[in-house]
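Presented below is the structure to which this report refers.
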Amino acid sequence: EAGVAQSPRYKIIEKRQSVAFWCNPISGHATLYWYQQILGQGPKLLIQFQNNGVVDDSQLPKDRFSAERLKGVDSTLKIQPAKLEDSAVYLCASSYSSYEQYFGPGTRLTVT
Amino acid sequence: GNSVTQMEGPVTLSEEAFLTINCTYTATGYPSLFWYVQYPGEGLQLLLKATKADDKGSNKGFEATYRKETTSFHLEKGSVQVSDSAVYFCALRQGGKLIFGQGTELSVKP
């Protein structure tokens, strides 16, 4: 069974630029999560989708971050404009039920 | 609010040494508890879990017991290997949401 796929794996941008990350969950997984993992900290949930509806986006900085999950499969997370403090690893995870989550390898973003 | 606190790292051990990584939590109700492991360059993998008080999760020689009275879920392994070098995250799940500790880096030397 293929795991959660993410791209790109690495991205370097300047502050005030925009960036987008892509996630393809495990086939059949209805729930998709985006996490932000700042160096030295644990992952923090940004947004949770159930199929293509948002379940929880309480910690998503909506003035600059946006996410969508069209057709209930792939998802894209966008940052516009980026700030220095957005430097982090962005993890995507998916689950069949709301129980065990399977994580992708992450996208490491560096904002200079 | 809900939170997870882990012991500070990095932890450096010699091969075959005994490992303990402390984890305590604050939560309302009865959350499920998890240990995740993150190997270099990879995503998080579920290592073990426990869903109720006194449950013991175990996998690959690692164990952790859900202690409600001390709100703890300490990770242990009797004999670590070089291949166990990774970052370990304790987490709780409540209402479908995972809340992670800050992670503890383990380095095992031959």
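Every chain in the structure tokens takes a letter, A first, then B, and so on in the order presented; its residues are numbered from 1, and the ligands are numbered from 1 following the presented order.
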
Taking 3 positions as the minimum chain separation for residues in the same chain, which residues sit within 8 Å of stretch 84-97 of chain A when counting only C-alpha atoms? Answer as a PyMOL selection string. (chain A and resi 4+6+15+23+25-26+28-39+43+100-112) or (chain B and resi 43)

Keeping only N, CA, C and O atoms, take the residues you just selected and write them out as a CSV table (one decimal), in the first residue's frame.
```csv
chain,number,residue,atom,x,y,z
A,4,VAL,N,1.5,8.1,2.4
A,4,VAL,CA,1.1,9.5,2.1
A,4,VAL,C,2.3,10.2,1.3
A,4,VAL,O,3.4,10.1,1.7
A,6,GLN,N,4.0,13.6,-0.4
A,6,GLN,CA,4.1,15.0,-0.3
A,6,GLN,C,5.1,15.6,-1.3
A,6,GLN,O,6.1,14.9,-1.5
A,15,LYS,N,11.0,36.0,2.2
A,15,LYS,CA,9.8,36.5,2.9
A,15,LYS,C,9.0,37.3,1.9
A,15,LYS,O,9.5,38.0,1.0
A,23,CYS,N,-0.3,17.4,-1.1
A,23,CYS,CA,-0.4,16.1,-0.4
A,23,CYS,C,-1.4,15.2,-1.1
A,23,CYS,O,-2.5,15.6,-1.4
A,25,PRO,N,-3.1,11.7,0.0
A,25,PRO,CA,-3.2,10.7,1.1
A,25,PRO,C,-3.3,9.3,0.6
A,25,PRO,O,-3.3,9.0,-0.6
A,26,ILE,N,-3.3,8.4,1.6
A,26,ILE,CA,-3.5,7.0,1.3
A,26,ILE,C,-4.9,6.8,0.7
A,26,ILE,O,-5.9,7.3,1.1
A,28,GLY,N,-8.4,5.9,-0.1
A,28,GLY,CA,-9.6,5.5,0.7
A,28,GLY,C,-9.6,6.2,2.1
A,28,GLY,O,-10.6,6.0,2.8
A,29,HIS,N,-8.6,7.0,2.4
A,29,HIS,CA,-8.6,7.7,3.6
A,29,HIS,C,-9.4,9.0,3.5
A,29,HIS,O,-9.1,9.8,2.7
A,30,ALA,N,-10.5,9.1,4.3
A,30,ALA,CA,-11.4,10.2,4.2
A,30,ALA,C,-10.9,11.4,4.9
A,30,ALA,O,-11.2,12.6,4.6
A,31,THR,N,-10.1,11.2,6.0
A,31,THR,CA,-9.6,12.3,6.8
A,31,THR,C,-8.2,12.7,6.5
A,31,THR,O,-7.3,11.8,6.3
A,32,LEU,N,-8.0,14.0,6.3
A,32,LEU,CA,-6.6,14.5,5.9
A,32,LEU,C,-6.3,15.6,6.9
A,32,LEU,O,-7.1,16.5,7.2
A,33,TYR,N,-5.0,15.6,7.3
A,33,TYR,CA,-4.5,16.6,8.3
A,33,TYR,C,-3.3,17.3,7.7
A,33,TYR,O,-2.5,16.7,7.1
A,34,TRP,N,-3.2,18.6,8.0
A,34,TRP,CA,-1.9,19.4,7.8
A,34,TRP,C,-1.4,19.8,9.2
A,34,TRP,O,-2.1,20.4,10.0
A,35,TYR,N,-0.1,19.5,9.4
A,35,TYR,CA,0.6,19.9,10.7
A,35,TYR,C,1.7,20.8,10.3
A,35,TYR,O,2.4,20.7,9.3
A,36,GLN,N,2.1,21.7,11.2
A,36,GLN,CA,3.3,22.5,11.2
A,36,GLN,C,4.2,22.1,12.3
A,36,GLN,O,3.8,22.0,13.5
A,37,GLN,N,5.5,21.7,11.9
A,37,GLN,CA,6.4,21.3,12.9
A,37,GLN,C,7.6,22.3,12.9
A,37,GLN,O,8.5,22.2,12.0
A,38,ILE,N,7.7,23.2,13.8
A,38,ILE,CA,8.8,24.1,14.0
A,38,ILE,C,9.9,23.3,14.6
A,38,ILE,O,9.7,22.5,15.5
A,39,LEU,N,11.2,23.7,14.2
A,39,LEU,CA,12.3,23.0,14.8
A,39,LEU,C,12.4,23.0,16.3
A,39,LEU,O,12.2,24.0,16.9
A,43,PRO,N,4.7,18.5,16.3
A,43,PRO,CA,3.8,18.9,15.3
A,43,PRO,C,2.5,19.6,15.9
A,43,PRO,O,2.0,19.2,16.9
A,100,GLU,N,-6.0,6.1,13.8
A,100,GLU,CA,-4.6,6.1,13.5
A,100,GLU,C,-4.3,6.9,12.3
A,100,GLU,O,-4.9,6.7,11.2
A,101,GLN,N,-3.4,7.8,12.5
A,101,GLN,CA,-3.0,8.7,11.4
A,101,GLN,C,-1.6,8.3,10.8
A,101,GLN,O,-0.7,7.9,11.6
A,102,TYR,N,-1.6,8.3,9.5
A,102,TYR,CA,-0.3,7.9,8.8
A,102,TYR,C,0.2,9.2,8.2
A,102,TYR,O,-0.4,10.0,7.5
A,103,PHE,N,1.5,9.4,8.5
A,103,PHE,CA,2.2,10.7,8.1
A,103,PHE,C,3.0,10.5,6.8
A,103,PHE,O,3.6,9.5,6.6
A,104,GLY,N,3.0,11.6,6.0
A,104,GLY,CA,4.0,11.7,4.9
A,104,GLY,C,5.3,12.2,5.4
A,104,GLY,O,5.5,12.5,6.6
A,105,PRO,N,6.3,12.2,4.5
A,105,PRO,CA,7.7,12.6,4.8
A,105,PRO,C,7.9,14.1,5.2
A,105,PRO,O,8.9,14.5,5.8
A,106,GLY,N,6.9,14.9,4.8
A,106,GLY,CA,7.0,16.3,5.1
A,106,GLY,C,7.6,17.2,4.0
A,106,GLY,O,8.4,16.7,3.2
A,107,THR,N,7.4,18.5,4.1
A,107,THR,CA,8.0,19.5,3.2
A,107,THR,C,8.7,20.4,4.1
A,107,THR,O,8.1,21.1,5.0
A,108,ARG,N,10.1,20.6,4.0
A,108,ARG,CA,10.8,21.5,4.8
A,108,ARG,C,10.9,22.8,4.1
A,108,ARG,O,11.4,23.0,3.0
A,109,LEU,N,10.3,23.9,4.7
A,109,LEU,CA,10.2,25.2,4.2
A,109,LEU,C,11.2,26.1,4.9
A,109,LEU,O,11.2,26.1,6.2
A,110,THR,N,12.1,26.8,4.2
A,110,THR,CA,13.0,27.8,4.7
A,110,THR,C,12.6,29.1,4.1
A,110,THR,O,12.6,29.3,2.9
A,111,VAL,N,12.3,30.1,5.0
A,111,VAL,CA,11.9,31.5,4.5
A,111,VAL,C,13.1,32.4,4.9
A,111,VAL,O,13.5,32.4,6.1
A,112,THR,N,13.7,33.0,3.9
A,112,THR,CA,14.9,33.9,4.2
A,112,THR,C,14.6,35.3,4.0
A,112,THR,O,13.5,35.7,3.5
B,43,GLY,N,8.8,10.7,7.8
B,43,GLY,CA,7.7,11.2,8.5
B,43,GLY,C,7.5,10.4,9.9
B,43,GLY,O,8.3,9.5,10.2
```

As a PyMOL selection string, could you give me every residue of chain B near chain A (at most 12 Å apart, counting only C-alpha atoms)? chain B and resi 3-6+8-10+31-51+87-105

DSSP strand (DSSP E or B) residues within chain B, listed as an NGL selection string: :B and (3-6 or 11-14 or 19-21 or 23-26 or 32-38 or 44-50 or 56-59 or 62-65 or 67 or 72 or 75-77 or 86-94 or 97-100 or 104-109)

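The interatomic distance for the pair atom CA of A:Gly3 and atom CA of A:Ala20 works out to 20.4 Å.
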
Residues within 8 Å of B:Asn22, please, as a short mmCIF file (atom, residue, chain, number, x, y, z; two decimals) with C-alpha atoms, in the first residue's frame. Count only C-alpha atoms; anything in the same chain fewer than 5 positions from it doesn't count.
```
data_model
loop_
_atom_site.label_atom_id
_atom_site.label_comp_id
_atom_site.auth_asym_id
_atom_site.auth_seq_id
_atom_site.Cartn_x
_atom_site.Cartn_y
_atom_site.Cartn_z
CA GLN B 6 8.35 15.24 27.53
CA MET B 7 11.77 15.06 29.07
CA SER B 72 2.09 9.62 32.66
CA PHE B 73 2.98 7.44 29.68
CA HIS B 74 6.72 6.83 29.96
CA LEU B 75 8.48 5.02 27.10
#
```

Tell me which protein, DNA and RNA residues are within 8 Å of stretch 57-72 of chain A, counting only C-alpha atoms, leaving out same-chain ones fewer than 2 positions away, and put them as a list in words.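 My reading of the contact set: Ala30, Leu45, Leu46, Ile47, Gln48, Phe49, Gln50, Asn51, Asn52, Gly53, Val54, Val55, Asp74, Ser75, Thr76, Leu77, Lys78, Ile79, Gln80, Pro81 and Ala82 of chain A.
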
With only C-alpha atoms as the counted atoms, please give the residues lying no more than 8 Å from B:Lys109, apart from itself and same-chain residues fewer than 5 positions off, as a PyMOL selection string. chain B and resi 12-15+82

Between atom CA of B:Thr71 and atom CA of B:Thr26 lies a distance of 7.1 Å

For B:Gln81, list every protein, DNA or RNA residue within 7 Å, evaluated using only C-alpha atoms, and leave out those in the same chain fewer than 3 positions away; present the list as a list in words.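 What passes the distance filter is Glu15, Glu16, Asp84 and Val108 of chain B.
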
Save the residues we just selected, all heavy atoms, as a short mmCIF file (atom, residue, chain, number, x, y, z; two decimals), in the first residue's frame?
```cif
data_model
loop_
_atom_site.label_atom_id
_atom_site.label_comp_id
_atom_site.auth_asym_id
_atom_site.auth_seq_id
_atom_site.Cartn_x
_atom_site.Cartn_y
_atom_site.Cartn_z
N GLU B 15 24.88 1.33 23.16
CA GLU B 15 24.10 0.18 22.72
C GLU B 15 23.89 -0.78 23.88
O GLU B 15 24.78 -0.98 24.71
CB GLU B 15 24.83 -0.52 21.58
CG GLU B 15 23.93 -1.28 20.63
CD GLU B 15 24.63 -1.64 19.32
OE1 GLU B 15 25.88 -1.69 19.31
OE2 GLU B 15 23.92 -1.87 18.33
N GLU B 16 22.69 -1.35 23.95
CA GLU B 16 22.25 -2.30 24.97
C GLU B 16 21.90 -1.65 26.31
O GLU B 16 21.55 -2.37 27.26
CB GLU B 16 23.29 -3.42 25.18
CG GLU B 16 23.53 -4.25 23.92
CD GLU B 16 24.48 -5.41 24.14
OE1 GLU B 16 24.94 -5.60 25.28
OE2 GLU B 16 24.78 -6.12 23.17
N ASP B 84 17.79 2.46 16.80
CA ASP B 84 16.72 3.17 17.54
C ASP B 84 16.95 4.67 17.59
O ASP B 84 16.10 5.42 18.09
CB ASP B 84 16.61 2.64 18.97
CG ASP B 84 16.15 1.20 19.03
OD1 ASP B 84 15.34 0.79 18.17
OD2 ASP B 84 16.62 0.46 19.93
N VAL B 108 21.98 6.63 19.95
CA VAL B 108 22.56 5.42 20.51
C VAL B 108 23.92 5.18 19.85
O VAL B 108 24.01 5.10 18.61
CB VAL B 108 21.65 4.21 20.29
CG1 VAL B 108 22.27 2.95 20.90
CG2 VAL B 108 20.26 4.46 20.89
#
```

Go ahead and compute the interatomic distance for atom CA of B:Thr65 and atom CA of B:Ala53, in Å to one decimal.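 Atom CA of B:Ala53 lies at a distance of 8.1 Å from atom CA of B:Thr65.
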